[in-house]
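Everything below concerns the one structure shown next.
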4 protein chains.
Amino acid sequence: MQNPVFIPGPTNMPEALRKAVDVPTMDHRSAAFAEVLTPALEGVRRVVKAATAAVFVFPSTGTGGWEIAITNTLSPGDRILAARHGMFSHRWIDLCQRHGLDVQIVEEEWGAGLPAEAYLEILSADRDHRIKAVLATHNETATGVVSDIAAVRRALDKARHPALLMVDGVSSIGSMDFRFDDWGVDIAVTGSQKGFMLPPGLAITVHSARAMKVAETARLARCFFDIRDMGRTNAAGLYPYTPPVGLICGLKLACDYLLDEGLEAVFARHARIANGVRAAAAAWGLPLGARSPDLYSQTVTAVRTPTGFNATDIVTRAATVYDTAFGTGLGELAGKVFRFGHLGRMSDLTALSGLAVLEMCMVDLGLPIRLGSGVAAAQEVYRSTAAAQIQRAA
Amino acid sequence: MQNPVFIPGPTNMPEALRKAVDVPTMDHRSAAFAEVLTPALEGVRRVVKAATAAVFVFPSTGTGGWEIAITNTLSPGDRILAARHGMFSHRWIDLCQRHGLDVQIVEEEWGAGLPAEAYLEILSADRDHRIKAVLATHNETATGVVSDIAAVRRALDKARHPALLMVDGVSSIGSMDFRFDDWGVDIAVTGSQKGFMLPPGLAITVHSARAMKVAETARLARCFFDIRDMGRTNAAGLYPYTPPVGLICGLKLACDYLLDEGLEAVFARHARIANGVRAAAAAWGLPLGARSPDLYSQTVTAVRTPTGFNATDIVTRAATVYDTAFGTGLGELAGKVFRFGHLGRMSDLTALSGLAVLEMCMVDLGLPIRLGSGVAAAQEVYRSTAAAQIQRAA
Amino acid sequence: MQNPVFIPGPTNMPEALRKAVDVPTMDHRSAAFAEVLTPALEGVRRVVKAATAAVFVFPSTGTGGWEIAITNTLSPGDRILAARHGMFSHRWIDLCQRHGLDVQIVEEEWGAGLPAEAYLEILSADRDHRIKAVLATHNETATGVVSDIAAVRRALDKARHPALLMVDGVSSIGSMDFRFDDWGVDIAVTGSQKGFMLPPGLAITVHSARAMKVAETARLARCFFDIRDMGRTNAAGLYPYTPPVGLICGLKLACDYLLDEGLEAVFARHARIANGVRAAAAAWGLPLGARSPDLYSQTVTAVRTPTGFNATDIVTRAATVYDTAFGTGLGELAGKVFRFGHLGRMSDLTALSGLAVLEMCMVDLGLPIRLGSGVAAAQEVYRSTAAAQIQRAA
Amino acid sequence: MQNPVFIPGPTNMPEALRKAVDVPTMDHRSAAFAEVLTPALEGVRRVVKAATAAVFVFPSTGTGGWEIAITNTLSPGDRILAARHGMFSHRWIDLCQRHGLDVQIVEEEWGAGLPAEAYLEILSADRDHRIKAVLATHNETATGVVSDIAAVRRALDKARHPALLMVDGVSSIGSMDFRFDDWGVDIAVTGSQKGFMLPPGLAITVHSARAMKVAETARLARCFFDIRDMGRTNAAGLYPYTPPVGLICGLKLACDYLLDEGLEAVFARHARIANGVRAAAAAWGLPLGARSPDLYSQTVTAVRTPTGFNATDIVTRAATVYDTAFGTGLGELAGKVFRFGHLGRMSDLTALSGLAVLEMCMVDLGLPIRLGSGVAAAQEVYRSTAAAQIQRAA
């Protein structure tokens, strides 16, 4: 297998990041490690546009990050508010329930965004502030839907509700605009293998001063994921246990790359590539998972296939016949969509190559798609915007 | 920094293992991943000499492994029995307490082994079997002490006590004999960065049929670390979240290497290198952390320095003047010992080089050590056993 | 730059070959080196379908290989016969002249194959056998023309002429059928960076028994390139100077890969990819550099652009706007063709991505090409043959 | 094999240089390549302390560099002057003879330096300037002897002789002081795998304006090694054939490293490590290959063993029993010396480890050496100078 992947993470890894991760063993109690750790944490802070928030990096994954978020802030039986509108928001809810939390769930269509209106209503009705936290999945990787976190913050503010705002930014941070401070986020969660373009293995969490404070009194059991141990040791350039040194070296460099390119340029680059993929879907006559343009994710596109057709067959054929990996539909969307991950450092050439493979698969499977049609639509998007893209990079 | 490390893990990494870990992004939902995962799990099973036990590999560390062990078997308030005789046994106890367990602690001198006699007494007295699990640190990395796990099993058996036997094999598995089945171990815990010579990032746990059964009823909260999710998805060649693909590729190869060399040859190799290091300490006239020869670890040696001398100064000097990393004393042993990690693929040449650097540091700091004396003692060990070593490898 | 290259060599390198080349320093006078060298030489022998020929690997390039061929067989003033039908045949002629050889040149149109008829005529007329060698460029990388080496051999045989047959197989060996023994080749020349998919840095030459014999009396000056020194030291597993150990490790593995896949399968794979590229050119309405289908190269395709259009502009635009490298026209064909290298391990996806980029460039530059048209033609080739391809690989 | 090597090149490679060499395929006709090539050439110029000399980098080795030096400056039958005082000076003479040059040889004891007095005498007697070039081996890798190139220049000047001064700096440049301009060198030759710490594969040559001028009229045959083609194409950021891109990327970084550390600091570092090795030899009571201290090389030490003892047995034993590579004696010194290469980035720890292995081998083979004695002598050198070394690096 030499082909790039089109799964919505882990992404294709830039050569330099792979090399940054692949380091010989370094003493993690040495000064050299501290010289990597501190800028890595600072880099994450800048990528999420936080001025002073605390950043933690655990040897884990985004799922572990969800657990870090709740176990370091909540106590058994606490009520939280969450919407279920895709597989990843569903899983976070499940995780909360298994930790003994009382989750008030707003069920939404898979393909919809976060229900800020419903949140406002519920929060306003919660006079005695039994709800301790509001969960928000910034980018639903299952549906290709990005939600308006600022709107959730406005709902909290309008309801004058003190609940913590916890945001899953796993498939958005580093690829789409994320404003920790502006949006009043209390905890943001991500991983190493998406916008940071690294191998999996890190849960990365960002905590506001309020979130840090409640960690002192939160009673959910934790030890491996305790941010107090992590914070105390990090302050001395150390870890409470053996840190994933290579990934942290990679994280430092990934942040340097994103910040050197400029975050707005990075986001524009993602949007441009995504535009091409969506143009291809339109040319094929296939609707998207996201139900309206304001919800279009710039990191992953779910494409719906006609009723009666099993979308997973496309993914299987791409893997077995053309050695190319795409994402399948998950949960409610299983068999109904295939997903094209376009986050990370994806070039025009690479995006087009994924579209070309999809076309072959769809024609092989009898879908009434014209070969080259989606590619041509994307080509038109890319060539008409290439000059501006280059100018921006320069 | 180009020098090898002499910390008791992470170890120096063989070239081929580094390359096995450094893989381009692979779809972790593809058949190719299953073809790596299954033999990796089977390899671990064989390395710990278990016939049918369940093996789990989490993106975490050994500390996470401790948490996996207890949260998947115990319920809040459960009593467990543990000895504290070094920093790592201490930390596991602390972790248990933070998860709401009632730990009956046997305090032992740091430098002593597991108190099988005391365990027997306590277990025999526990008529109503309130103790649900017995913790055992196979190799105390802080003191360089290996304990007799079979003796702990005999204590359990003699007391006819049903408590689960949980063993921390973090710094022993893959380097010293570990007999999961023979010793009646219920859960063994290790990580990627010690005997497997990989980067940190994996918690590896092995569970007996009994341990698997109690997972169904254990009520400690868990989700990221739930072996039920892991087991169900692994059975389909999948993971409950994004797996650390590179490390799992490395784990497969590491097991192949250990098993191809032959476990007994691997253990003999470690013992031989350790013998050289201990001979050096004897030549210097410095006592070891382990208080008797039956407790000598083959993976790490703690060396005591004279009263009034700060052993940590040696480690600091080695790092700052000679770019070489050793382990400091931890906890009660801080300032009293320095530690020489000799686990993994350490050659005669490398072991001698560490000893040579230590000698320079000790003389620099005024200790009455003769340059070359420890090296000579180790050289004598290595040269007198080199032929047999080669024969064994052939 | 993360995009694959479409230059006619160096090729995109498979991950495993890159890793095989990137070895720590090994003593090149050790037994371990001999264990790599011997199978590498044997592997090359099998790839060119030679039973007993001598193989040499020099730290150099294909150009050095041309020099090895002539300086180890000829003497100052010797006459040789060569056709000039592209830039690489031209350069070999130039090299011969600079070494004081008398080259009888058959000028051919660039785009034509080797003139076996003209060779026959000249050789037949050379009654006193003043011609000592016949040069043949198997695959003219400049024009995308593969020639019939067997026909050249037939010409030699028909003329009963004893001249040595020297073949430049730089851009054919390992990718297209090459029959050293069947075709009666005396010296074949190639490099590491084409069909072997390695970094540049090796000249690889294969010598028949006759070619080895004349090396004893050839009087062209040589020392670094003397096959006698190389042969004598290689026989002992050594080199006359420091060998490029990493590249030789890579060469061993590259041969293993080609032979394990099966040479005929490798050739079929190249032909299939090339068919797609040629179908794209046909869809664009652009003629090829090779003037007839029997001359179509399976490793590189030169595509002619309309009169008045500078083909190099496409290559420049691809490089500067789309970060993608193609080959320009060389010499007589400068500005008249662009070249698409499709040798090595190129997937359907990768070939299609190159075509998609070319289409954007051509439309950007005003050529009357329809976006997606060439891609669609190639997709049709690939999808209609994918099943057979997979069957062959299995 | 994981141990460092102690051969006098190729050296152990720093991690960062290995990574710099291991690049994905880059179009060698792109602007990106020129951006690497130009600073690499400039870096070499600065390392040899030349202000304006021409630098060339060929895919070849140091032996190829010798051939480049003579074929680009001399004509058949030209007389040159050379001393033979080791295997490498011998081989260069042999190469010249095979290219038809008339070499006037000064035979010197192997272990002696260049005979500046004898050169002066011969040059003074050569009234009609038949001698066109004087060869000088700066560092005889076979004997561990560094010679005084300035003295050779003074001899030429005193004799008012216009012969070109060609210097083999293969095992000195980048590790010991080399003053191209001050010494009036006309051509300096080196390779990638010694002071530059890269894999083998490059011949690097530096040419004075005079040397460049004679290239126009030199009549020795050449094409692959013609500096005119190389110079013309390099000026445009190109190569006359496929360049070894990875090695050139590495060369750029290696020069950056050497120049950033400071050349005088690099040289002092080498001298300090060499002092330790020589102190060990003295402690063992073994004389050196170099016959007086002014000739001691800072990159390689040849150690003589007692009469009747085969020094090669030590090297064989080190390789087969302790997996460690040292250099054997070559030519006249075969069996009489073993060689310890200490060039490149060698740490105190690494040097000591090599000495420790040698001691085991010597005792194994019955030499009356005390284990640890040489190590102790080197430890004393290193520890007494470590502080100054660190200060210098800071």
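In the structure tokens, chains take the letters A, B, ... in the order shown, each chain's residues start at 1, and ligands count up from 1 in the order shown.
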Within 12 Å of A:Ser30, counting only C-alpha atoms, which residues show up once you throw out same-chain ones fewer than 4 positions away? Write them as a list in words, please.
-> Thr25, Met26, Ala34, Glu35, Val36, Leu37, Ala236, Gly237, Leu238, Tyr239 and Val245 of chain A; Met1, Val5, Ile7, Val315, Thr316, Arg317, Ala318, Ala319, Thr320, Asp323, Thr324, Ala325, Phe326, Gly327 and Thr328 of chain B
### Message
Please find the residues of chain A near chain B - the criterion being any atom within 8 Å, counting only C-alpha atoms - and write them as an MDAnalysis selection string.
### Response
chainID A and resid 4:5 7 10:13 18 22 24:27 30 59:61 63:64 67 95 98:100 199:201 221:224 241:246 319 325
Discussion item. Could you list, as number ranges by chain, every residue within 8 Å of B:Pro115, counting only C-alpha atoms and ignoring same-chain residues fewer than 3 positions away?
Written reply: B: 83, 106, 108, 118-119
Can those selected residues be exported to a file as an mmCIF file, in the first residue's frame so that it contains N, CA, C and O atoms?
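Output file part.cif follows:
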data_model
loop_
_atom_site.group_PDB
_atom_site.id
_atom_site.type_symbol
_atom_site.label_atom_id
_atom_site.label_comp_id
_atom_site.auth_asym_id
_atom_site.auth_seq_id
_atom_site.Cartn_x
_atom_site.Cartn_y
_atom_site.Cartn_z
ATOM 1 N N ALA B 83 2.032 -4.612 48.920
ATOM 2 C CA ALA B 83 3.233 -4.257 49.676
ATOM 3 C C ALA B 83 3.841 -2.990 49.078
ATOM 4 O O ALA B 83 3.779 -2.786 47.867
ATOM 5 N N VAL B 106 1.270 -3.535 53.190
ATOM 6 C CA VAL B 106 2.377 -4.091 53.965
ATOM 7 C C VAL B 106 3.600 -3.234 53.664
ATOM 8 O O VAL B 106 4.067 -3.197 52.524
ATOM 9 N N GLU B 108 7.335 -2.396 53.580
ATOM 10 C CA GLU B 108 8.595 -3.136 53.594
ATOM 11 C C GLU B 108 9.743 -2.156 53.356
ATOM 12 O O GLU B 108 9.542 -1.097 52.760
ATOM 13 N N ALA B 118 4.240 -12.474 54.899
ATOM 14 C CA ALA B 118 3.235 -11.538 55.431
ATOM 15 C C ALA B 118 1.929 -11.674 54.664
ATOM 16 O O ALA B 118 0.838 -11.648 55.237
ATOM 17 N N TYR B 119 2.046 -11.808 53.347
ATOM 18 C CA TYR B 119 0.851 -11.994 52.518
ATOM 19 C C TYR B 119 0.096 -13.230 52.992
ATOM 20 O O TYR B 119 -1.132 -13.236 53.122
#
Run DSSP on the backbone and give me the residues of stretch 20-136 of chain A it puts in strand (DSSP E), as an mmCIF file with C-alpha atoms, in the first residue's frame.
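Saved result, part_37.cif, follows:
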data_model
loop_
_atom_site.group_PDB
_atom_site.id
_atom_site.type_symbol
_atom_site.label_atom_id
_atom_site.label_comp_id
_atom_site.auth_asym_id
_atom_site.auth_seq_id
_atom_site.Cartn_x
_atom_site.Cartn_y
_atom_site.Cartn_z
ATOM 1 C CA ALA A 54 -3.813 25.151 30.517
ATOM 2 C CA VAL A 55 -2.833 22.554 27.926
ATOM 3 C CA PHE A 56 -2.316 18.871 28.688
ATOM 4 C CA VAL A 57 -0.994 16.109 26.492
ATOM 5 C CA PHE A 58 -1.695 12.554 27.586
ATOM 6 C CA PRO A 59 -0.551 9.281 26.028
ATOM 7 C CA ARG A 79 -26.145 16.270 35.092
ATOM 8 C CA ILE A 80 -24.808 17.312 31.715
ATOM 9 C CA LEU A 81 -26.436 18.438 28.517
ATOM 10 C CA ALA A 82 -25.532 16.950 25.160
ATOM 11 C CA ALA A 83 -26.906 16.596 21.659
ATOM 12 C CA ARG A 84 -26.697 13.359 19.718
ATOM 13 C CA ASP A 102 -26.826 11.934 34.132
ATOM 14 C CA VAL A 103 -26.892 13.021 30.503
ATOM 15 C CA GLN A 104 -29.805 15.084 29.267
ATOM 16 C CA ILE A 105 -29.781 14.198 25.575
ATOM 17 C CA VAL A 106 -31.135 16.302 22.730
ATOM 18 C CA GLU A 107 -31.716 13.942 19.843
ATOM 19 C CA ILE A 131 -26.601 21.017 34.588
ATOM 20 C CA LYS A 132 -22.895 21.192 35.240
ATOM 21 C CA ALA A 133 -21.583 20.911 31.737
ATOM 22 C CA VAL A 134 -22.679 21.272 28.128
ATOM 23 C CA LEU A 135 -21.063 19.021 25.547
ATOM 24 C CA ALA A 136 -20.555 20.215 22.011
#
Atom CA of B:Gly329 to atom CA of B:Ala290: how many Å, to one decimal?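 Those two atoms sit 12.9 Å apart.
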**Prompt:** Mind checking DSSP for stretch 111-331 of chain D and telling me the alpha helix (DSSP H) residues as a count of residues only?
**Reply:** 85
Quick one: residues within 6 Å of stretch 371-377 of chain B, only C-alpha atoms counted, chain neighbours fewer than 3 positions away excluded, as a PyMOL selection string?
(chain B and resi 279-280+283+352+355+359+380) or (chain D and resi 371-372+375-376)
Residues from the last selection, all heavy atoms, saved as a PDB file, in the first residue's frame:
ATOM      1  N   ALA B 279      29.317  -6.634  39.064  1.00  0.00           N
ATOM      2  CA  ALA B 279      30.740  -6.836  39.351  1.00  0.00           C
ATOM      3  C   ALA B 279      31.454  -5.495  39.433  1.00  0.00           C
ATOM      4  O   ALA B 279      32.359  -5.294  40.257  1.00  0.00           O
ATOM      5  CB  ALA B 279      31.369  -7.712  38.254  1.00  0.00           C
ATOM      6  N   ALA B 280      31.041  -4.558  38.590  1.00  0.00           N
ATOM      7  CA  ALA B 280      31.644  -3.222  38.636  1.00  0.00           C
ATOM      8  C   ALA B 280      31.348  -2.555  39.968  1.00  0.00           C
ATOM      9  O   ALA B 280      32.240  -1.979  40.610  1.00  0.00           O
ATOM     10  CB  ALA B 280      31.130  -2.378  37.471  1.00  0.00           C
ATOM     11  N   ALA B 283      33.491  -3.917  42.566  1.00  0.00           N
ATOM     12  CA  ALA B 283      34.869  -3.428  42.445  1.00  0.00           C
ATOM     13  C   ALA B 283      34.993  -2.016  43.007  1.00  0.00           C
ATOM     14  O   ALA B 283      36.031  -1.635  43.539  1.00  0.00           O
ATOM     15  CB  ALA B 283      35.305  -3.452  40.975  1.00  0.00           C
ATOM     16  N   LEU B 352      29.714  -1.524  29.119  1.00  0.00           N
ATOM     17  CA  LEU B 352      31.032  -1.043  29.559  1.00  0.00           C
ATOM     18  C   LEU B 352      31.136   0.475  29.416  1.00  0.00           C
ATOM     19  O   LEU B 352      31.740   1.154  30.252  1.00  0.00           O
ATOM     20  CB  LEU B 352      32.141  -1.721  28.745  1.00  0.00           C
ATOM     21  CG  LEU B 352      32.306  -3.228  29.022  1.00  0.00           C
ATOM     22  CD1 LEU B 352      33.234  -3.864  27.985  1.00  0.00           C
ATOM     23  CD2 LEU B 352      32.845  -3.468  30.439  1.00  0.00           C
ATOM     24  N   LEU B 355      29.509   2.144  32.349  1.00  0.00           N
ATOM     25  CA  LEU B 355      30.351   2.030  33.549  1.00  0.00           C
ATOM     26  C   LEU B 355      31.513   3.016  33.480  1.00  0.00           C
ATOM     27  O   LEU B 355      31.872   3.644  34.488  1.00  0.00           O
ATOM     28  CB  LEU B 355      30.866   0.596  33.690  1.00  0.00           C
ATOM     29  CG  LEU B 355      29.772  -0.465  33.902  1.00  0.00           C
ATOM     30  CD1 LEU B 355      30.362  -1.865  33.836  1.00  0.00           C
ATOM     31  CD2 LEU B 355      29.055  -0.242  35.236  1.00  0.00           C
ATOM     32  N   GLU B 359      32.364   6.006  36.201  1.00  0.00           N
ATOM     33  CA  GLU B 359      33.646   6.145  36.903  1.00  0.00           C
ATOM     34  C   GLU B 359      34.176   7.567  36.799  1.00  0.00           C
ATOM     35  O   GLU B 359      34.670   8.136  37.784  1.00  0.00           O
ATOM     36  CB  GLU B 359      34.667   5.159  36.328  1.00  0.00           C
ATOM     37  CG  GLU B 359      34.347   3.713  36.700  1.00  0.00           C
ATOM     38  CD  GLU B 359      35.374   2.714  36.183  1.00  0.00           C
ATOM     39  OE1 GLU B 359      36.176   3.087  35.297  1.00  0.00           O
ATOM     40  OE2 GLU B 359      35.367   1.566  36.644  1.00  0.00           O
ATOM     41  N   GLU B 380      35.962  -8.585  32.750  1.00  0.00           N
ATOM     42  CA  GLU B 380      36.292  -9.967  33.106  1.00  0.00           C
ATOM     43  C   GLU B 380      35.037 -10.842  33.023  1.00  0.00           C
ATOM     44  O   GLU B 380      35.090 -11.964  32.512  1.00  0.00           O
ATOM     45  CB  GLU B 380      36.897 -10.014  34.511  1.00  0.00           C
ATOM     46  CG  GLU B 380      37.498 -11.366  34.849  1.00  0.00           C
ATOM     47  CD  GLU B 380      38.508 -11.854  33.797  1.00  0.00           C
ATOM     48  OE1 GLU B 380      39.384 -11.067  33.382  1.00  0.00           O
ATOM     49  OE2 GLU B 380      38.390 -13.030  33.347  1.00  0.00           O
TER      50      GLU B 380
ATOM     51  N   LEU D 371      43.307  -5.420  31.971  1.00  0.00           N
ATOM     52  CA  LEU D 371      41.945  -4.930  31.696  1.00  0.00           C
ATOM     53  C   LEU D 371      41.736  -3.586  32.391  1.00  0.00           C
ATOM     54  O   LEU D 371      42.110  -3.423  33.551  1.00  0.00           O
ATOM     55  CB  LEU D 371      40.900  -5.928  32.188  1.00  0.00           C
ATOM     56  CG  LEU D 371      40.788  -7.249  31.409  1.00  0.00           C
ATOM     57  CD1 LEU D 371      39.847  -8.216  32.125  1.00  0.00           C
ATOM     58  CD2 LEU D 371      40.293  -6.999  29.982  1.00  0.00           C
ATOM     59  N   GLY D 372      41.133  -2.669  31.725  1.00  0.00           N
ATOM     60  CA  GLY D 372      40.817  -1.372  32.324  1.00  0.00           C
ATOM     61  C   GLY D 372      41.949  -0.367  32.291  1.00  0.00           C
ATOM     62  O   GLY D 372      41.722   0.816  32.568  1.00  0.00           O
ATOM     63  N   VAL D 375      41.521   2.059  29.298  1.00  0.00           N
ATOM     64  CA  VAL D 375      40.300   2.823  29.574  1.00  0.00           C
ATOM     65  C   VAL D 375      40.593   3.895  30.624  1.00  0.00           C
ATOM     66  O   VAL D 375      40.213   5.056  30.474  1.00  0.00           O
ATOM     67  CB  VAL D 375      39.173   1.874  30.044  1.00  0.00           C
ATOM     68  CG1 VAL D 375      37.994   2.665  30.599  1.00  0.00           C
ATOM     69  CG2 VAL D 375      38.716   0.979  28.888  1.00  0.00           C
ATOM     70  N   ALA D 376      41.296   3.506  31.694  1.00  0.00           N
ATOM     71  CA  ALA D 376      41.590   4.457  32.769  1.00  0.00           C
ATOM     72  C   ALA D 376      42.432   5.627  32.254  1.00  0.00           C
ATOM     73  O   ALA D 376      42.201   6.790  32.619  1.00  0.00           O
ATOM     74  CB  ALA D 376      42.306   3.746  33.913  1.00  0.00           C
TER      75      ALA D 376
END
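Between atom CA of D:Leu123 and atom CA of D:Ala53 the separation is 25.2 Å.
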